[in-house]
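A.B. asks: This one is model-v1.txt, compact mmCIF, C-alpha atoms and all ligand atoms.
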# COMPACT_ATOMS: atom_id res chain seq x y z
CA MET A 1 -15.19 -23.58 -3.33
CA LEU A 2 -14.13 -20.41 -5.19
CA VAL A 3 -10.65 -19.20 -4.27
CA VAL A 4 -8.81 -16.04 -5.34
CA LYS A 5 -5.04 -16.45 -5.10
CA LYS A 6 -2.78 -13.45 -5.57
CA PHE A 7 0.96 -13.77 -6.14
CA GLY A 8 3.36 -10.81 -5.89
CA GLY A 9 6.36 -9.92 -8.03
CA THR A 10 9.00 -12.03 -6.27
CA SER A 11 6.68 -15.05 -6.37
CA VAL A 12 6.66 -14.97 -10.19
CA ALA A 13 10.16 -13.51 -10.70
CA ASP A 14 11.52 -16.24 -12.99
CA LYS A 15 10.70 -19.48 -14.80
CA ASP A 16 11.03 -21.72 -11.75
CA ARG A 17 8.88 -19.44 -9.59
CA ILE A 18 6.22 -19.29 -12.31
CA LEU A 19 6.17 -23.07 -12.55
CA ASN A 20 5.95 -23.30 -8.75
CA VAL A 21 2.93 -20.97 -8.67
CA ALA A 22 1.33 -22.75 -11.62
CA LYS A 23 1.66 -26.07 -9.83
CA ARG A 24 0.15 -24.77 -6.59
CA CYS A 25 -2.83 -23.37 -8.47
CA VAL A 26 -3.31 -26.47 -10.63
CA ASP A 27 -3.21 -28.67 -7.49
CA SER A 28 -5.98 -26.57 -5.96
CA TYR A 29 -7.98 -26.74 -9.20
CA ASN A 30 -7.51 -30.53 -9.43
CA ALA A 31 -8.75 -30.82 -5.86
CA GLY A 32 -12.05 -29.39 -7.13
CA ASP A 33 -11.74 -25.66 -6.42
CA ASP A 34 -12.68 -22.90 -8.81
CA VAL A 35 -9.52 -20.81 -9.02
CA ILE A 36 -8.95 -17.16 -9.92
CA VAL A 37 -5.28 -16.17 -9.95
CA VAL A 38 -4.19 -12.53 -9.72
CA LEU A 39 -0.59 -11.72 -10.60
CA SER A 40 1.83 -8.82 -10.25
CA ALA A 41 4.56 -8.03 -12.75
CA MET A 42 7.64 -10.29 -12.58
CA GLY A 43 10.34 -9.26 -10.09
CA ASP A 44 11.43 -5.64 -10.54
CA THR A 45 9.62 -5.18 -13.84
CA THR A 46 7.50 -2.23 -12.68
CA ASP A 47 10.55 -0.37 -11.28
CA ASP A 48 12.48 -1.06 -14.48
CA LEU A 49 9.64 0.24 -16.67
CA ILE A 50 9.40 3.45 -14.62
CA GLU A 51 13.15 3.96 -14.92
CA GLU A 52 13.07 3.32 -18.66
CA ALA A 53 10.32 5.89 -19.16
CA HIS A 54 12.03 8.48 -16.98
CA ARG A 55 15.26 8.08 -18.92
CA ILE A 56 13.32 9.25 -21.97
CA ASN A 57 11.16 11.85 -20.20
CA PRO A 58 11.27 12.59 -16.46
CA ASN A 59 7.83 14.22 -16.80
CA ALA A 60 6.17 11.35 -18.65
CA PRO A 61 2.40 11.88 -19.01
CA LYS A 62 0.53 9.86 -16.39
CA ARG A 63 -1.78 8.26 -18.92
CA GLU A 64 1.15 6.89 -20.88
CA MET A 65 2.85 5.66 -17.70
CA ASP A 66 -0.24 3.58 -16.93
CA MET A 67 -0.30 2.22 -20.47
CA LEU A 68 3.34 1.21 -20.02
CA LEU A 69 3.19 -0.20 -16.48
CA ALA A 70 0.15 -2.33 -17.26
CA THR A 71 2.29 -4.36 -19.68
CA GLY A 72 4.22 -5.89 -16.77
CA GLU A 73 1.17 -7.72 -15.44
CA GLN A 74 0.07 -8.73 -18.93
CA LYS A 75 3.37 -10.53 -19.40
CA SER A 76 3.05 -12.48 -16.15
CA VAL A 77 -0.52 -13.64 -16.72
CA SER A 78 0.17 -14.92 -20.21
CA LEU A 79 3.36 -16.74 -19.10
CA MET A 80 1.36 -18.26 -16.23
CA ALA A 81 -1.32 -19.55 -18.62
CA ILE A 82 1.46 -20.96 -20.81
CA ALA A 83 2.98 -22.67 -17.74
CA MET A 84 -0.37 -24.16 -16.73
CA ALA A 85 -0.96 -25.38 -20.27
CA SER A 86 2.35 -27.27 -20.03
CA MET A 87 0.82 -29.10 -17.04
CA GLY A 88 -2.26 -30.03 -19.05
CA ALA A 89 -4.53 -27.66 -17.13
CA ALA A 90 -7.24 -25.57 -18.78
CA ALA A 91 -6.29 -21.96 -18.03
CA ILE A 92 -6.96 -18.58 -19.59
CA SER A 93 -5.36 -15.20 -18.95
CA LEU A 94 -7.40 -11.98 -18.98
CA ASN A 95 -6.37 -8.35 -18.66
CA ALA A 96 -8.43 -5.70 -16.90
CA PHE A 97 -10.05 -4.63 -20.17
CA GLN A 98 -11.22 -8.13 -20.97
CA VAL A 99 -12.74 -8.73 -17.54
CA ALA A 100 -13.72 -5.68 -17.41
CA MET A 101 -12.52 -3.95 -14.23
CA HIS A 102 -13.83 -0.37 -14.24
CA THR A 103 -11.97 2.35 -12.34
CA THR A 104 -11.89 6.11 -11.96
CA ALA A 105 -9.76 8.01 -14.52
CA ASN A 106 -7.19 8.98 -11.91
CA TYR A 107 -4.06 7.69 -13.67
CA GLY A 108 -1.47 6.16 -11.38
CA ASN A 109 -3.87 6.09 -8.46
CA ALA A 110 -7.20 4.83 -9.84
CA ARG A 111 -9.92 3.28 -7.70
CA PHE A 112 -12.30 0.48 -8.62
CA LYS A 113 -15.86 1.50 -9.38
CA ARG A 114 -17.40 -1.67 -10.74
CA ILE A 115 -16.29 -5.11 -11.85
CA ASP A 116 -18.10 -7.13 -14.50
CA SER A 117 -18.27 -10.73 -13.36
CA GLU A 118 -19.85 -12.37 -16.45
CA ARG A 119 -16.68 -13.18 -18.38
CA ILE A 120 -14.86 -14.67 -15.40
CA ARG A 121 -18.00 -16.56 -14.40
CA ARG A 122 -18.27 -18.04 -17.89
CA GLU A 123 -14.64 -19.16 -17.87
CA LEU A 124 -15.02 -20.71 -14.41
CA ASP A 125 -18.18 -22.51 -15.54
CA ALA A 126 -16.14 -23.97 -18.41
CA ARG A 127 -13.78 -25.28 -15.66
CA ARG A 128 -10.90 -23.02 -16.56
CA ILE A 129 -8.41 -21.46 -14.17
CA VAL A 130 -8.79 -17.70 -14.74
CA ILE A 131 -5.58 -15.66 -14.47
CA VAL A 132 -6.16 -11.90 -14.16
CA THR A 133 -3.71 -8.99 -14.37
CA GLY A 134 -3.33 -7.25 -10.99
CA PHE A 135 -2.81 -3.51 -10.43
CA GLN A 136 -4.84 -2.20 -13.36
CA GLY A 137 -8.25 -1.25 -14.68
CA ILE A 138 -9.98 0.71 -17.41
CA ASP A 139 -11.68 4.07 -17.09
CA LYS A 140 -14.80 5.49 -18.76
CA PHE A 141 -12.75 6.40 -21.84
CA ASP A 142 -11.60 2.74 -22.14
CA ASP A 143 -8.11 3.91 -21.22
CA VAL A 144 -5.80 1.78 -19.11
CA THR A 145 -5.37 2.88 -15.49
CA THR A 146 -3.23 1.61 -12.61
CA LEU A 147 -4.07 1.49 -8.93
CA GLY A 148 -0.84 2.73 -7.34
CA ARG A 149 2.22 0.73 -6.30
CA GLY A 150 1.35 -2.55 -4.65
CA GLY A 151 -2.18 -2.39 -6.09
CA SER A 152 -2.43 -6.04 -7.15
CA ASP A 153 -3.59 -6.92 -3.64
CA THR A 154 -6.57 -4.64 -4.24
CA THR A 155 -7.38 -6.37 -7.53
CA ALA A 156 -7.50 -9.68 -5.69
CA VAL A 157 -9.82 -8.39 -2.97
CA ALA A 158 -12.05 -6.62 -5.50
CA LEU A 159 -12.46 -9.85 -7.48
CA ALA A 160 -13.09 -11.84 -4.30
CA ALA A 161 -15.82 -9.37 -3.33
CA ALA A 162 -17.39 -9.15 -6.81
CA LEU A 163 -17.49 -12.91 -7.31
CA HIS A 164 -18.34 -13.75 -3.70
CA ALA A 165 -15.27 -15.95 -3.36
CA ASP A 166 -14.99 -18.24 -0.36
CA LYS A 167 -11.32 -17.40 0.18
CA CYS A 168 -8.83 -14.69 -0.76
CA GLU A 169 -5.22 -15.73 -0.33
CA ILE A 170 -2.37 -13.25 -0.72
CA TYR A 171 0.84 -15.15 -1.43
CA THR A 172 4.08 -13.23 -0.96
CA ASP A 173 7.77 -13.57 -0.04
CA VAL A 174 7.20 -13.66 3.73
CA ASP A 175 5.00 -16.20 5.51
CA GLY A 176 2.57 -13.76 7.10
CA VAL A 177 2.09 -10.39 8.73
CA TYR A 178 4.70 -9.72 11.42
CA THR A 179 4.87 -7.26 14.30
CA ALA A 180 7.35 -5.31 12.11
CA ASP A 181 9.04 -5.81 8.74
CA PRO A 182 10.98 -9.05 9.38
CA ARG A 183 13.73 -7.80 7.06
CA ILE A 184 14.39 -4.87 9.40
CA VAL A 185 13.55 -6.45 12.75
CA PRO A 186 14.78 -10.06 12.68
CA ASN A 187 13.06 -10.92 15.97
CA ALA A 188 9.65 -9.67 14.77
CA LYS A 189 6.85 -12.09 15.59
CA LYS A 190 4.38 -13.54 13.14
CA LEU A 191 0.76 -12.74 13.95
CA LYS A 192 -1.81 -15.53 13.72
CA GLU A 193 -4.60 -13.00 13.24
CA ILE A 194 -4.99 -9.25 12.92
CA THR A 195 -8.10 -7.05 12.70
CA TYR A 196 -8.95 -5.11 9.55
CA SER A 197 -8.55 -1.81 11.41
CA GLU A 198 -5.09 -2.59 12.69
CA MET A 199 -3.96 -4.00 9.35
CA LEU A 200 -5.34 -0.91 7.61
CA GLU A 201 -3.32 1.36 9.90
CA MET A 202 -0.18 -0.78 9.45
CA ALA A 203 -0.55 -0.81 5.66
CA THR A 204 -1.25 2.91 5.48
CA LEU A 205 1.72 3.63 7.73
CA GLY A 206 4.19 1.82 5.53
CA ALA A 207 3.92 -1.96 6.08
CA GLN A 208 3.92 -2.78 2.38
CA VAL A 209 2.94 -6.41 2.89
CA LEU A 210 -0.65 -5.40 1.92
CA HIS A 211 -1.85 -2.47 -0.22
CA ASN A 212 -3.86 -0.30 2.15
CA ARG A 213 -6.85 -0.06 -0.18
CA SER A 214 -7.06 -3.86 -0.35
CA VAL A 215 -7.56 -3.89 3.42
CA GLU A 216 -10.09 -1.06 3.24
CA MET A 217 -12.05 -2.99 0.63
CA ALA A 218 -11.76 -6.30 2.48
CA LYS A 219 -13.19 -4.63 5.56
CA LYS A 220 -16.03 -3.03 3.62
CA TYR A 221 -17.11 -6.24 1.92
CA GLY A 222 -16.16 -8.64 4.71
CA VAL A 223 -13.56 -10.50 2.65
CA GLU A 224 -11.39 -12.53 5.00
CA LEU A 225 -7.74 -12.39 3.86
CA VAL A 226 -4.94 -14.84 4.41
CA VAL A 227 -1.38 -13.61 3.92
CA ARG A 228 1.04 -16.49 3.35
CA SER A 229 4.18 -17.59 1.59
CA SER A 230 4.28 -18.75 -2.02
CA LEU A 231 7.33 -20.88 -1.21
CA SER A 232 6.25 -22.73 1.92
CA LEU A 233 3.15 -24.35 3.33
CA GLU A 234 3.20 -22.30 6.55
CA GLU A 235 -0.25 -21.23 7.73
CA GLY A 236 0.06 -17.47 7.35
CA THR A 237 -1.87 -14.62 8.98
CA VAL A 238 -5.65 -14.14 8.86
CA VAL A 239 -6.94 -10.58 8.49
CA LYS A 240 -10.52 -10.32 9.72
CA GLU A 241 -13.02 -8.55 11.94
CA GLY A 242 -12.66 -9.10 15.68
CA ALA A 243 -9.43 -11.03 15.47
CA LYS A 244 -7.89 -12.15 18.76
CA MET A 245 -4.80 -10.04 19.29
CA GLU A 246 -3.13 -12.32 21.81
CA SER A 247 -3.70 -9.52 24.35
CA MET A 248 -0.91 -7.37 22.97
CA LEU A 249 -0.99 -3.67 23.61
CA VAL A 250 0.83 -2.95 20.37
CA SER A 251 0.29 -5.22 17.39
CA GLY A 252 2.95 -3.76 15.17
CA VAL A 253 5.51 -1.15 14.24
CA ALA A 254 5.75 0.30 10.74
CA ALA A 255 7.95 2.81 8.94
CA ASP A 256 7.24 4.94 5.89
CA LYS A 257 10.37 6.32 4.28
CA ASN A 258 8.47 7.63 1.28
CA THR A 259 7.49 10.79 3.10
CA ALA A 260 8.57 14.44 2.94
CA ARG A 261 8.13 17.37 5.31
CA ILE A 262 7.17 20.76 3.94
CA ALA A 263 7.41 23.84 6.16
CA LEU A 264 5.89 27.23 5.38
CA VAL A 265 7.83 29.66 7.51
CA GLY A 266 6.74 33.17 8.53
CA LEU A 267 3.08 33.00 7.49
CA LYS A 268 0.78 35.82 8.56
CA ASN A 269 -1.08 34.93 11.75
CA GLU A 270 -4.60 35.59 10.45
CA PRO A 271 -7.75 33.58 9.64
CA GLY A 272 -7.87 31.61 6.38
CA VAL A 273 -4.18 30.83 5.95
CA ALA A 274 -4.49 27.09 6.68
CA PHE A 275 -7.58 26.92 4.48
CA LYS A 276 -5.78 28.48 1.51
CA ILE A 277 -2.80 26.14 1.86
CA PHE A 278 -4.67 22.89 2.24
CA ASN A 279 -7.38 23.82 -0.22
CA ILE A 280 -4.88 24.18 -3.05
CA LEU A 281 -3.25 20.86 -2.14
CA GLY A 282 -6.58 19.09 -1.81
CA LYS A 283 -7.77 20.38 -5.17
CA ASN A 284 -4.67 18.83 -6.72
CA ASN A 285 -5.25 15.45 -5.06
CA ILE A 286 -2.27 15.77 -2.76
CA ASN A 287 -2.84 13.94 0.51
CA VAL A 288 -1.52 15.69 3.58
CA ASP A 289 -0.68 13.70 6.66
CA VAL A 290 0.79 15.10 9.90
CA ILE A 291 0.14 18.84 10.32
CA LEU A 292 1.85 21.06 12.87
CA GLN A 293 1.26 24.78 13.47
CA SER A 294 3.58 26.82 15.66
CA ILE A 295 2.39 29.26 18.32
CA GLY A 296 2.06 32.66 16.67
CA ARG A 297 4.69 35.30 17.46
CA ASP A 298 4.94 38.90 16.16
CA ASN A 299 1.85 38.22 14.07
CA ARG A 300 3.70 35.41 12.29
CA LYS A 301 3.34 31.62 12.43
CA ASP A 302 4.77 28.51 10.74
CA ILE A 303 2.84 25.55 9.40
CA SER A 304 4.55 22.30 8.55
CA PHE A 305 3.06 19.10 7.23
CA THR A 306 4.02 15.85 5.56
CA VAL A 307 3.12 14.53 2.12
CA SER A 308 4.20 11.49 0.15
CA GLU A 309 7.68 12.02 -1.28
CA ASP A 310 6.26 11.53 -4.78
CA ASP A 311 3.98 14.56 -4.29
CA ALA A 312 6.54 16.83 -2.59
CA ASP A 313 7.89 18.67 -5.65
CA GLN A 314 4.41 19.33 -6.99
CA ALA A 315 3.22 20.54 -3.58
CA VAL A 316 6.12 22.99 -3.30
CA ALA A 317 5.53 24.26 -6.85
CA LEU A 318 1.81 24.78 -6.18
CA LEU A 319 2.55 26.72 -2.99
CA GLU A 320 5.29 28.79 -4.66
CA ASP A 321 2.64 29.78 -7.20
CA GLN A 322 0.40 30.99 -4.36
CA LYS A 323 2.97 33.33 -2.87
CA GLY A 324 0.95 36.26 -4.19
CA SER A 325 -2.10 35.37 -2.10
CA ILE A 326 -0.42 33.53 0.80
CA GLU A 327 2.18 35.77 2.38
CA MET A 328 5.20 33.93 3.80
CA GLU A 329 8.95 34.18 4.29
CA ARG A 330 9.97 30.88 2.73
CA ILE A 331 9.10 27.27 1.91
CA GLU A 332 11.32 24.43 3.12
CA CYS A 333 11.13 20.85 1.87
CA ASP A 334 12.95 17.94 3.50
CA LYS A 335 12.75 14.52 1.86
CA ASN A 336 15.16 12.85 4.29
CA VAL A 337 12.50 12.11 6.87
CA ALA A 338 10.57 8.97 7.78
CA LYS A 339 7.43 8.32 9.72
CA VAL A 340 7.61 5.57 12.33
CA SER A 341 4.38 4.36 13.92
CA VAL A 342 3.19 1.92 16.54
CA VAL A 343 -0.27 0.46 16.02
CA GLY A 344 -2.54 -1.38 18.43
CA ALA A 345 -6.21 -1.52 19.33
CA GLY A 346 -5.13 -1.94 22.96
CA MET A 347 -4.17 1.76 23.07
CA GLN A 348 -7.83 2.72 23.24
CA THR A 349 -8.02 1.38 26.78
CA HIS A 350 -4.41 1.64 28.01
CA ALA A 351 -2.48 4.77 28.91
CA GLY A 352 1.25 5.16 28.53
CA VAL A 353 1.84 3.96 24.99
CA ALA A 354 2.92 7.39 23.78
CA SER A 355 5.36 7.87 26.64
CA GLY A 356 6.74 4.38 26.03
CA MET A 357 7.36 5.20 22.39
CA PHE A 358 9.08 8.47 23.30
CA GLU A 359 11.21 6.80 25.96
CA ALA A 360 12.29 4.07 23.54
CA LEU A 361 13.38 6.69 21.01
CA TYR A 362 15.07 8.80 23.71
CA ASN A 363 17.09 5.77 24.84
CA ALA A 364 18.16 5.26 21.22
CA GLY A 365 19.17 8.93 20.94
CA ILE A 366 16.62 9.65 18.22
CA ASN A 367 15.17 13.14 17.90
CA ILE A 368 11.44 13.54 17.16
CA ARG A 369 10.40 16.24 14.67
CA MET A 370 6.63 15.82 14.62
CA ILE A 371 4.07 13.70 16.44
CA SER A 372 0.58 12.59 15.51
CA THR A 373 -1.85 10.16 17.05
CA SER A 374 -5.15 8.41 16.37
CA GLU A 375 -7.21 6.09 18.56
CA ILE A 376 -5.04 3.14 17.69
CA ARG A 377 -1.69 4.55 16.63
CA ILE A 378 1.14 6.91 17.47
CA SER A 379 3.38 8.22 14.71
CA VAL A 380 6.54 10.25 14.89
CA LEU A 381 8.50 11.95 12.16
CA ILE A 382 12.27 11.46 12.40
CA ASP A 383 15.36 11.61 10.19
CA GLU A 384 15.21 8.93 7.52
CA ASP A 385 18.63 7.45 8.26
CA GLN A 386 17.44 6.64 11.78
CA ALA A 387 14.23 4.91 10.70
CA ASP A 388 15.41 1.30 10.95
CA ARG A 389 16.91 1.91 14.39
CA ALA A 390 13.73 3.61 15.52
CA VAL A 391 11.60 0.68 14.37
CA LYS A 392 13.85 -1.74 16.26
CA ALA A 393 13.82 0.42 19.40
CA ALA A 394 10.03 0.80 19.43
CA HIS A 395 9.57 -2.89 18.61
CA ASP A 396 11.86 -4.03 21.43
CA TRP A 397 10.10 -1.74 23.85
CA PHE A 398 6.59 -2.95 23.18
CA ILE A 399 6.88 -6.47 21.89
CA GLU A 400 8.32 -9.17 24.10
CA ASP A 401 10.63 -11.81 22.75
P1 LIG B 501 4.58 -8.74 -3.11
O1 LIG B 501 5.51 -8.49 -4.23
O2 LIG B 501 4.33 -10.19 -2.86
O3 LIG B 501 3.32 -7.94 -3.19
P2 LIG B 501 5.65 -6.84 -1.21
O4 LIG B 501 7.10 -6.55 -1.37
O5 LIG B 501 4.67 -5.85 -1.70
O6 LIG B 501 5.38 -8.29 -1.81
O7 LIG B 501 5.32 -7.11 0.34
C1 LIG B 501 6.06 -8.07 1.07
C2 LIG B 501 7.14 -7.38 1.88
O8 LIG B 501 6.55 -6.54 2.87
C3 LIG B 501 8.02 -8.31 2.68
O9 LIG B 501 9.09 -8.78 1.91
C4 LIG B 501 8.45 -7.46 3.88
O10 LIG B 501 9.79 -7.02 3.73
C5 LIG B 501 7.54 -6.25 3.83
N1 LIG B 501 6.89 -5.94 5.12
C6 LIG B 501 6.80 -4.70 5.67
N2 LIG B 501 6.17 -4.74 6.84
C7 LIG B 501 5.83 -6.04 7.07
C8 LIG B 501 5.14 -6.73 8.13
N3 LIG B 501 4.68 -6.07 9.21
N4 LIG B 501 4.97 -8.07 8.02
C9 LIG B 501 5.42 -8.73 6.94
N5 LIG B 501 6.08 -8.15 5.92
C10 LIG B 501 6.29 -6.82 5.96
N1 LIG B 502 3.54 -4.43 -10.14
C1 LIG B 502 2.96 -3.38 -9.33
C2 LIG B 502 4.01 -2.76 -8.43
O1 LIG B 502 5.16 -3.15 -8.47
C3 LIG B 502 1.77 -3.83 -8.55
C4 LIG B 502 2.01 -4.82 -7.45
O2 LIG B 502 3.10 -5.39 -7.36
O3 LIG B 502 1.09 -5.06 -6.68
O4 LIG B 502 3.71 -1.84 -7.72
MG MG B 503 2.84 -5.97 -2.69
What is this structure when it is put down as structure tokens?

C.D. replies:
Amino acid sequence: MLVVKKFGGTSVADKDRILNVAKRCVDSYNAGDDVIVVLSAMGDTTDDLIEEAHRINPNAPKREMDMLLATGEQKSVSLMAIAMASMGAAAISLNAFQVAMHTTANYGNARFKRIDSERIRRELDARRIVIVTGFQGIDKFDDVTTLGRGGSDTTAVALAAALHADKCEIYTDVDGVYTADPRIVPNAKKLKEITYSEMLEMATLGAQVLHNRSVEMAKKYGVELVVRSSLSLEEGTVVKEGAKMESMLVSGVAADKNTARIALVGLKNEPGVAFKIFNILGKNNINVDVILQSIGRDNRKDISFTVSEDDADQAVALLEDQKGSIEMERIECDKNVAKVSVVGAGMQTHAGVASGMFEALYNAGINIRMISTSEIRISVLIDEDQADRAVKAAHDWFIED
């Protein structure tokens, strides 16, 4: 059996954790499995590297940031191979260049295009444990790229798909996917199973337990995922097609604090305004989420929308530059907002979920700034300092103890 095992930053944070992971992988290998291990950078390494770079230059070139951040994963894979060697196991570490894992040239947010499987296959055939750097790739210029924060999950799924692995296990610091972040909602319930679609919504809406693109890719290639703890033998959560959702209306609540609201106030109420605004953002690869347009008055209207907090300053600068062609009174940007969402496939066939969400927030005295919905989710934008309370309120409303 070929297994891909991915371990996140906290699971390889220090010497003891590395030895723990090494032992788990070597045990699996000794039991006869072919093992590919994907690792993240140790502990807070990635955050520390970003801070270090920004202390030197707050506008560090994206290419150089990727070159820098990729070193974190290279350190963990080599230390892991060293740890496995101390246990007498045959192991080899490889970075994305050596594999090779080809991506787009979109630094900081690259996507996989193609993965060469020959090198890994050769190492597996020689009965070696293959340890691969998560989170990174190479582009057509042979430059190092990274996949975006949390991207090691996507490396694991991409390798599982490319090598037709029998299993893809995501080991982390919680023992599965819960109905909400168990660190914020202590009575959150662990899910036995969750569908790709629901997990994709949860991950996209802020449940960082899985990188959203890893779920997208798992769904596309039919890679069944198991999310479980690196520190216990608990069973974990299976992410797959057609999972049984224990007949719950809502399968989870998620919050995304890394969001900002931009408002363009006093726009002219004429055709083409929305096009001009979102065209310029789209051309600059800025993803826009919730959009709200006010009813026009006195030939004026307002448009507000949300973007990732990381993109907010650039979005405002781009729109300021357009003031010549897009007439408006002013631009407002608020980074102290959060998006709280409830997700559940049951919503497609049951009415009343939206009103339940609004009532739960009303009871908690939380004001809603924007609302958006899809077939299987309802999201609201609220003040960031109320996000944790909102998650708890929505969770208690929908999910029974
Ligand atoms: P890793 O470093 O292993 O990739 P992450 O920090 O990226 O770990 O993801 C695990 C964290 O995700 C948990 O510690 C937990 O706080 C958070 N989390 C958010 N939402 C959920 C959820 N619905 N279920 C489980 N964990 C969640
Ligand atoms: N080390 C990277 C990060 O911190 C990738 C990952 O952990 O998945 O975002
Ligand atoms: Mg992660």

A.B. asks: For a quick check of understanding, using only C-alpha atoms and all ligand atoms, which of A:Ala85, A:Met202, A:Ile194, A:Ile18 has the smallest distance to ligand LIG 501 (chain B)?

C.D. replies: A:Met202

A.B. asks: Pick out the residues sitting within 12 Å of Ala126 in chain A, and hand them over as a list in words; count only C-alpha atoms, and ignore anything fewer than 3 positions along from it in its own chain.

C.D. replies: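 Selected residues are Asp34, Val35, Ala90, Ala91, Ile92, Arg119, Ile120, Arg121, Arg122, Glu123, Ile129 and Val130 of chain A.
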
A.B. asks: Taking all atoms listed in the file into account, which of A:Thr195, A:Ser214, A:Thr45, A:Asn299 comes nearest Ser152 in chain A?

C.D. replies: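 Among A:Thr195, A:Ser214, A:Thr45, A:Asn299, it is A:Ser214 that comes nearest to Ser152 in chain A.
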
A.B. asks: Quick one: of A:Phe97, A:Tyr107, A:Phe398, A:Tyr178, who's nearest to Val209 in chain A, counting all atoms listed in the file?

C.D. replies: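 Among A:Phe97, A:Tyr107, A:Phe398, A:Tyr178, it is A:Tyr178 that comes nearest to Val209 in chain A.
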
A.B. asks: When the cut-off is 6 Å and you count all atoms listed in the file, which residues lie near ligand LIG 502 (chain B), shown as a list of chain:residue names?

C.D. replies: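 Using all atoms listed in the file, I find these residues within 6 Å of ligand LIG 502 (chain B): A:Gly8, A:Gly9, A:Ser40, A:Ala41, A:Thr46, A:Phe135, A:Arg149, A:Gly150, A:Gly151, A:Ser152, A:Asp153.
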
A.B. asks: Using only C-alpha atoms, give me every residue within 12 Å of (3.6, 4.3, 21.7) in file coordinates, as JSON, numbers by chain.

C.D. replies: {"A": [249, 250, 251, 252, 253, 254, 340, 341, 342, 343, 344, 345, 346, 347, 348, 350, 351, 352, 353, 354, 355, 356, 357, 358, 359, 360, 361, 371, 372, 373, 374, 375, 376, 377, 378, 379, 380, 390, 391, 393, 394, 395, 396, 397, 398, 399]}

A.B. asks: So what do you get for CA of Val288 in chain A versus CA of Tyr196 in chain A, distance-wise?

C.D. replies: 22.9 Å

A.B. asks: Could you jot down the CA of Asp139 in chain A to CA of Glu73 in chain A separation for me, Å, one decimal place?

C.D. replies: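 Between CA of Asp139 in chain A and CA of Glu73 in chain A the gap is 17.5 Å.
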
A.B. asks: One number please: CA of Val215 in chain A to CA of Leu2 in chain A, in Å, one decimal.

C.D. replies: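 According to the coordinates, CA of Val215 in chain A and CA of Leu2 in chain A are separated by 19.8 Å.
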
A.B. asks: Taking (-7.0, 1.5, -13.6) in the file's coordinates as the center, which residues reach within 10 Å of it, counting all atoms listed in the file, put as a PyMOL selection string?

C.D. replies: chain A and resi 66-67+70+96-97+101-113+134-139+142-148+151+155

A.B. asks: Show me which residues sit within 9 Å of ligand LIG 501 (chain B) when counting all atoms listed in the file, and put them as a CSV table (one decimal) with C-alpha atoms, in the coordinates of the input.

C.D. replies:
chain,number,residue,atom,x,y,z
A,6,LYS,CA,-2.8,-13.4,-5.6
A,7,PHE,CA,1.0,-13.8,-6.1
A,8,GLY,CA,3.4,-10.8,-5.9
A,9,GLY,CA,6.4,-9.9,-8.0
A,10,THR,CA,9.0,-12.0,-6.3
A,11,SER,CA,6.7,-15.0,-6.4
A,12,VAL,CA,6.7,-15.0,-10.2
A,40,SER,CA,1.8,-8.8,-10.2
A,41,ALA,CA,4.6,-8.0,-12.8
A,42,MET,CA,7.6,-10.3,-12.6
A,43,GLY,CA,10.3,-9.3,-10.1
A,149,ARG,CA,2.2,0.7,-6.3
A,150,GLY,CA,1.4,-2.6,-4.6
A,151,GLY,CA,-2.2,-2.4,-6.1
A,152,SER,CA,-2.4,-6.0,-7.2
A,153,ASP,CA,-3.6,-6.9,-3.6
A,170,ILE,CA,-2.4,-13.2,-0.7
A,171,TYR,CA,0.8,-15.2,-1.4
A,172,THR,CA,4.1,-13.2,-1.0
A,173,ASP,CA,7.8,-13.6,0.0
A,174,VAL,CA,7.2,-13.7,3.7
A,175,ASP,CA,5.0,-16.2,5.5
A,176,GLY,CA,2.6,-13.8,7.1
A,177,VAL,CA,2.1,-10.4,8.7
A,178,TYR,CA,4.7,-9.7,11.4
A,179,THR,CA,4.9,-7.3,14.3
A,180,ALA,CA,7.4,-5.3,12.1
A,181,ASP,CA,9.0,-5.8,8.7
A,182,PRO,CA,11.0,-9.0,9.4
A,183,ARG,CA,13.7,-7.8,7.1
A,184,ILE,CA,14.4,-4.9,9.4
A,188,ALA,CA,9.6,-9.7,14.8
A,189,LYS,CA,6.8,-12.1,15.6
A,190,LYS,CA,4.4,-13.5,13.1
A,191,LEU,CA,0.8,-12.7,14.0
A,199,MET,CA,-4.0,-4.0,9.4
A,202,MET,CA,-0.2,-0.8,9.4
A,203,ALA,CA,-0.6,-0.8,5.7
A,206,GLY,CA,4.2,1.8,5.5
A,207,ALA,CA,3.9,-2.0,6.1
A,208,GLN,CA,3.9,-2.8,2.4
A,209,VAL,CA,2.9,-6.4,2.9
A,210,LEU,CA,-0.6,-5.4,1.9
A,211,HIS,CA,-1.8,-2.5,-0.2
A,227,VAL,CA,-1.4,-13.6,3.9
A,229,SER,CA,4.2,-17.6,1.6
A,230,SER,CA,4.3,-18.8,-2.0
A,252,GLY,CA,3.0,-3.8,15.2
A,253,VAL,CA,5.5,-1.2,14.2
A,254,ALA,CA,5.8,0.3,10.7
A,255,ALA,CA,8.0,2.8,8.9

A.B. asks: Using only C-alpha atoms, which of the listed residues (A:Ala338, A:Ala81, A:Leu264, A:Ala364) sits closest to Lys392 in chain A?

C.D. replies: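 Of A:Ala338, A:Ala81, A:Leu264, A:Ala364, the one nearest Lys392 in chain A is A:Ala364, counting only C-alpha atoms.
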
A.B. asks: Please determine, counting all atoms listed in the file, which residue among A:Ala89, A:Leu318, A:Ala13, A:Ala158 has the shortest atom-to-atom distance to Tyr221 in chain A.

C.D. replies: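 Nearest candidate to Tyr221 in chain A out of A:Ala89, A:Leu318, A:Ala13, A:Ala158: A:Ala158.
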